[in-house]
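**Q** Starting off with a structure, shown below.
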Amino acid sequence: MELKIGLYKSQPGWEIILQQEGLNFEIITPDTKISFQRYSVIVINEILNADQDAKVREFIKNGGAAIYLYSAYTNKKKKLIRTKKIKYLVTDSDSIYSNLGLIDFYTTFIRLKDDSFNIIDRNLFIQYKKVEKGYILIIPFDVDQLILNTQSIRKKFWTDRKELPSEIVAKVSKGKIRKIVSKSIEFLHQKRGLPLVQLWQFPKIWDTIFIFRIDTDFCNPEEASKLYKVCKKNKISGTWFVDTVSKDTIINVYKNMDDQEIAFHCRRHLVFNDYKKDHENIENGLNDLKEAGINVSGFAAPYGEWNKNLAEVLEYFKFDYSSEFTLDYDNLPFYPLINNKKSNVLQIPMHPVSTGRLRRSHFADREKWQYFKNYIDRQIASFEPIFIYHHPSHGDIELFDKIFEYIAAMNINRMTYHQFSEWWKKRLGFQYEITYMNGEINCNYKGEVPDLSLKISYNNKFVITNLKKTIRIDELDLLELKNDKIKSDIKRIRKRNWRDFLYNYESRIGRKNK
């Protein structure tokens, strides 16, 4: 029995999720033989012709499992659907998606009115039913469209106080949509009595990683040096996205840093949405660094902005990666789409709230510390990467000394952007096949294994284990995943107030004055 996902139509949004989740998959062609022994789950994300539909129905009846995009399943059932526009929703507290909490969609849900289906989550309205020996699950929204969405909006982030921090970030919760898809695939594997086997998202069997990002815009040499000393003291190799306004700072501070990654931020602290202007701005900054003898491979845009023109400029200058939270945040790396073509520049999403945003929301020092401690604890509990960023001009040296000490005390492994980018690309390039029979998982692969491990989920439990040729399920020490309780007042993060308009106004004025 092969543990492989079959995708009926090549769609970049679906492929991004499957790659992020480390799932083995292939595109089903018209000549592909569909067998419940060949695919553990198939994804039907297009309307099938009569011959294809017959093959799928046979696959399901014989014991296969299928995820239908709503449009593929409801094509001939127009009278049995209802539509509803969804800005955001909160998952049911007792569903398999409960730990996802509030999810931003900004899309239309298509719901099937059919009492033969069971509802897994009443708010998400994800439905499933048994069909003879197999299973069908229906997702009511367009996954591909949402993952490829490039719109941004100001959002508030929950914390246990009245005034909340906010930032302009990606409009759609892409990381949580990824998790909906992953949980749905795991659910169907469980129904079939199969383990879900994935390439783990961090090197070795690390539970998470910590990456520290520094944006140096408007900081002076003394501020940069103070933060560097705290990094050195705590053995933190940060990634410094530097501006190049002061050549003296480049030569006397950044060039002399040891065990730090130097990346590029800007010459002028602006993103133009104009290819020629962005090209000139980035070229001038790179020339500044080149004159100082500094080579860089990474980029982070001012204000976290991302657009197609900027992305094309980054491709022209052959950056290895970039990190912009208006495209995505709190998620795993991926290659964005530009003009219907996959970019060559890896996007590495991060957590978008800095101490500057906390200070603007009137956080006291102890509240800043509590915000980041809660964020770290939450990422550890959910096995997600820990990305924290800071501007040296904002000070808070004692706060980061405390954060770094906590990272060390929690024994969290640290990486730079470049290190994580290089490892992630090796993970994407790893070729393997997974089969399962009589309680035994067999991993077939050739060549070098780049610090890879596996996540194995089975019967509502999981384990992270070393990648081996043969793994017995009954010999694994499977653990139960603990779900966080949804905050009772979580919806208040999407209620607009006068501060949102003020901050948007300040943001527009700030950009005009640069």
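As shown in the structure tokens, the chain order sets the letters A, B, ...; within each chain, residues go from 1, and ligands are also counted from 1 in the order they appear.
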Give me the residues within 10 Å of stretch 13-23 of chain A as a ChimeraX atom specification, counting only C-alpha atoms and dropping any in the same chain fewer than 3 places off.
**A** /A:3-5,7,9-10,26-27,43,45,142-149,174-175,177-179,181-182,185,196-201,331-337,424,427-428,430,434,454-455
**Q** Please report as a Markdown table every residue of stretch 354-467 of chain A lying within 10 Å of stretch 240-251 of chain A, along with the nearest atom pair and their distance in Å (one decimal), using only C-alpha atoms.
**A**
| residue | atom | partner | partner_atom | distance |
| --- | --- | --- | --- | --- |
| A:Tyr389 | CA | A:Trp240 | CA | 9.8 |
| A:His390 | CA | A:Trp240 | CA | 9.8 |
| A:His391 | CA | A:Trp240 | CA | 9.8 |
| A:Thr416 | CA | A:Trp240 | CA | 9.5 |
| A:Tyr417 | CA | A:Trp240 | CA | 9.6 |
**Q** Mind writing the picked residues with C-alpha atoms as a PDB file, in the first residue's frame?
**A**
ATOM      1  CA  TYR A 389      12.157  40.452  14.813  1.00  0.00           C
ATOM      2  CA  HIS A 390      13.415  43.723  16.191  1.00  0.00           C
ATOM      3  CA  HIS A 391      14.701  47.184  15.257  1.00  0.00           C
ATOM      4  CA  THR A 416      19.786  31.966  10.636  1.00  0.00           C
ATOM      5  CA  TYR A 417      17.497  32.676   7.704  1.00  0.00           C
TER       6      TYR A 417
END
**Q** Kindly provide the residues of stretch 354-407 of chain A that approach stretch 226-235 of chain A to within 10 Å, each paired with its closest atom pair and their distance in Å to one decimal, based on only C-alpha atoms, listed by chain and increasing number, as JSON lines.
**A**
{"residue": "A:His390", "atom": "CA", "partner": "A:Leu227", "partner_atom": "CA", "distance": 9.7}
{"residue": "A:His391", "atom": "CA", "partner": "A:Leu227", "partner_atom": "CA", "distance": 9.4}
{"residue": "A:Pro392", "atom": "CA", "partner": "A:Leu227", "partner_atom": "CA", "distance": 6.4}
{"residue": "A:Ser393", "atom": "CA", "partner": "A:Leu227", "partner_atom": "CA", "distance": 9.6}
{"residue": "A:Gly395", "atom": "CA", "partner": "A:Leu227", "partner_atom": "CA", "distance": 8.2}
{"residue": "A:Asp396", "atom": "CA", "partner": "A:Leu227", "partner_atom": "CA", "distance": 9.0}
{"residue": "A:Ile397", "atom": "CA", "partner": "A:Leu227", "partner_atom": "CA", "distance": 6.4}
{"residue": "A:Glu398", "atom": "CA", "partner": "A:Val230", "partner_atom": "CA", "distance": 8.7}
{"residue": "A:Phe400", "atom": "CA", "partner": "A:Val230", "partner_atom": "CA", "distance": 7.6}
{"residue": "A:Asp401", "atom": "CA", "partner": "A:Val230", "partner_atom": "CA", "distance": 6.1}
{"residue": "A:Lys402", "atom": "CA", "partner": "A:Asn234", "partner_atom": "CA", "distance": 9.7}
{"residue": "A:Ile403", "atom": "CA", "partner": "A:Asn234", "partner_atom": "CA", "distance": 9.8}
{"residue": "A:Phe404", "atom": "CA", "partner": "A:Asn234", "partner_atom": "CA", "distance": 6.2}
{"residue": "A:Glu405", "atom": "CA", "partner": "A:Asn234", "partner_atom": "CA", "distance": 6.9}
{"residue": "A:Ile407", "atom": "CA", "partner": "A:Asn234", "partner_atom": "CA", "distance": 9.4}
**Q** Rounded to one decimal, what separation in Å do you get between atom CA of A:Leu100 and atom CA of A:Ile119?
**A**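 Taking atom CA of A:Leu100 as the start and atom CA of A:Ile119 as the end point, the length is 17.1 Å.
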**Q** Give me the residues near A:Val353 as a PyMOL selection string, where near means some atom within 9 Å (using only C-alpha atoms) and where sequence neighbours in that chain fewer than 5 positions away do not count.
**A** chain A and resi 157+165-167+358+388-390
**Q** My list of candidates is A:Ser35, A:Pro195, A:Leu452, A:Lys341. Which is closest to A:Asn438 when distances are computed with only C-alpha atoms?
**A**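 Closest to A:Asn438, using only C-alpha atoms: A:Pro195.
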**Q** Find the residues around A:Thr83 up to 12 Å (only C-alpha atoms counted), leave out those fewer than 5 positions away in its own chain, and share them as a list in words.
**A** Tyr70, Ser71, Thr74, Lys78, Thr107, Thr108, Phe109, Ile110, Arg111, Leu112, Lys113, Phe125, Pro140 and Phe141 of chain A
**Q** Store the residues of this selection in a file with C-alpha atoms, as a short mmCIF file (atom, residue, chain, number, x, y, z; two decimals), in the first residue's frame.
**A**
data_model
loop_
_atom_site.label_atom_id
_atom_site.label_comp_id
_atom_site.auth_asym_id
_atom_site.auth_seq_id
_atom_site.Cartn_x
_atom_site.Cartn_y
_atom_site.Cartn_z
CA TYR A 70 -16.90 22.00 -3.34
CA SER A 71 -17.14 22.96 -7.05
CA THR A 74 -21.55 20.14 -6.45
CA LYS A 78 -26.75 23.35 -8.01
CA THR A 107 -14.07 34.37 0.56
CA THR A 108 -17.35 32.62 -0.28
CA PHE A 109 -18.19 29.24 1.22
CA ILE A 110 -20.24 26.80 -0.86
CA ARG A 111 -22.15 24.46 1.45
CA LEU A 112 -23.81 21.24 0.33
CA LYS A 113 -27.29 20.61 1.76
CA PHE A 125 -18.72 23.22 7.50
CA PRO A 140 -16.35 24.35 1.08
CA PHE A 141 -13.80 26.94 -0.07
#
**Q** Choose the residue, out of A:Val449, A:Met1, A:Ile126, A:Ala65, that has the smallest atom-to-atom separation from A:Lys191; count only C-alpha atoms.
**A**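 Answer, going by the shortest atom-to-atom distance: A:Ala65.
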**Q** I'd like the contact shell of A:Tyr436 - 12 Å cut-off, only C-alpha atoms, skipping same-chain residues fewer than 2 positions apart - returned as a list in words.
**A**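 So, after excluding close chain neighbours, the residues are Met1, Glu2, Leu3, Lys4, Gln37, Arg38, Tyr39, Ser40, His189, Gly193, Leu194, Pro195, Leu196, Val197, Glu433, Ile434, Asn438, Gly439, Glu440, Ile441, Asn442, Cys443, Asn444, Ile456, Lys469, Thr470, Ile471, Arg472 and Ile473 of chain A.
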**Q** Env of A:Ser323: 9 Å cut, atoms = only C-alpha atoms, seq-sep filter 2 positions within chain, self excluded. Answer as a VMD selection string.
**A** chain A and resid 298 to 301 304 306 321 325 327 to 329 346 to 350
**Q** Name the closest residue to A:Ile386 among the candidates A:Lys368, A:Lys276, A:His418, A:Arg213; distances are taken between atoms, counting only C-alpha atoms.
**A** A:Arg213
**Q** Please list as a PyMOL selection string every residue within 6 Å of A:Leu137, counting only C-alpha atoms and excluding residues in the same chain fewer than 3 positions away.
**A** chain A and resi 67+127-128
**Q** For the selection you just gave me, I'd like the residues written to a file as a PDB file, in the first residue's frame, keeping all heavy atoms.
**A**
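Saved the output as out20.pdb:
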ATOM      1  N   ILE A  67     -10.777  13.815  -1.139  1.00  0.00           N
ATOM      2  CA  ILE A  67     -11.144  15.181  -0.760  1.00  0.00           C
ATOM      3  C   ILE A  67     -11.662  15.864  -2.015  1.00  0.00           C
ATOM      4  O   ILE A  67     -10.973  15.932  -3.027  1.00  0.00           O
ATOM      5  CB  ILE A  67      -9.941  15.957  -0.202  1.00  0.00           C
ATOM      6  CG1 ILE A  67      -9.493  15.368   1.140  1.00  0.00           C
ATOM      7  CG2 ILE A  67     -10.285  17.434  -0.044  1.00  0.00           C
ATOM      8  CD1 ILE A  67      -8.260  16.043   1.716  1.00  0.00           C
ATOM      9  N   GLN A 127     -17.550  18.591   5.511  1.00  0.00           N
ATOM     10  CA  GLN A 127     -18.451  17.435   5.569  1.00  0.00           C
ATOM     11  C   GLN A 127     -17.747  16.169   5.103  1.00  0.00           C
ATOM     12  O   GLN A 127     -16.832  16.223   4.279  1.00  0.00           O
ATOM     13  CB  GLN A 127     -19.671  17.693   4.676  1.00  0.00           C
ATOM     14  CG  GLN A 127     -20.455  18.948   5.015  1.00  0.00           C
ATOM     15  CD  GLN A 127     -21.399  19.335   3.899  1.00  0.00           C
ATOM     16  OE1 GLN A 127     -20.994  19.948   2.909  1.00  0.00           O
ATOM     17  NE2 GLN A 127     -22.670  18.975   4.021  1.00  0.00           N
ATOM     18  N   TYR A 128     -18.211  15.026   5.616  1.00  0.00           N
ATOM     19  CA  TYR A 128     -17.686  13.744   5.118  1.00  0.00           C
ATOM     20  C   TYR A 128     -18.770  12.687   5.223  1.00  0.00           C
ATOM     21  O   TYR A 128     -19.740  12.820   5.988  1.00  0.00           O
ATOM     22  CB  TYR A 128     -16.447  13.318   5.910  1.00  0.00           C
ATOM     23  CG  TYR A 128     -16.762  12.542   7.172  1.00  0.00           C
ATOM     24  CD1 TYR A 128     -16.715  11.142   7.188  1.00  0.00           C
ATOM     25  CD2 TYR A 128     -17.132  13.200   8.344  1.00  0.00           C
ATOM     26  CE1 TYR A 128     -17.026  10.428   8.332  1.00  0.00           C
ATOM     27  CE2 TYR A 128     -17.440  12.498   9.488  1.00  0.00           C
ATOM     28  CZ  TYR A 128     -17.385  11.105   9.481  1.00  0.00           C
ATOM     29  OH  TYR A 128     -17.703  10.392  10.609  1.00  0.00           O
TER      30      TYR A 128
END
**Q** Can you measure atom CA of A:Asp365 to atom CA of A:Ile380 for me? One decimal in Å is fine.
**A**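 Computed distance, atom CA of A:Asp365 to atom CA of A:Ile380, equals 22.9 Å.
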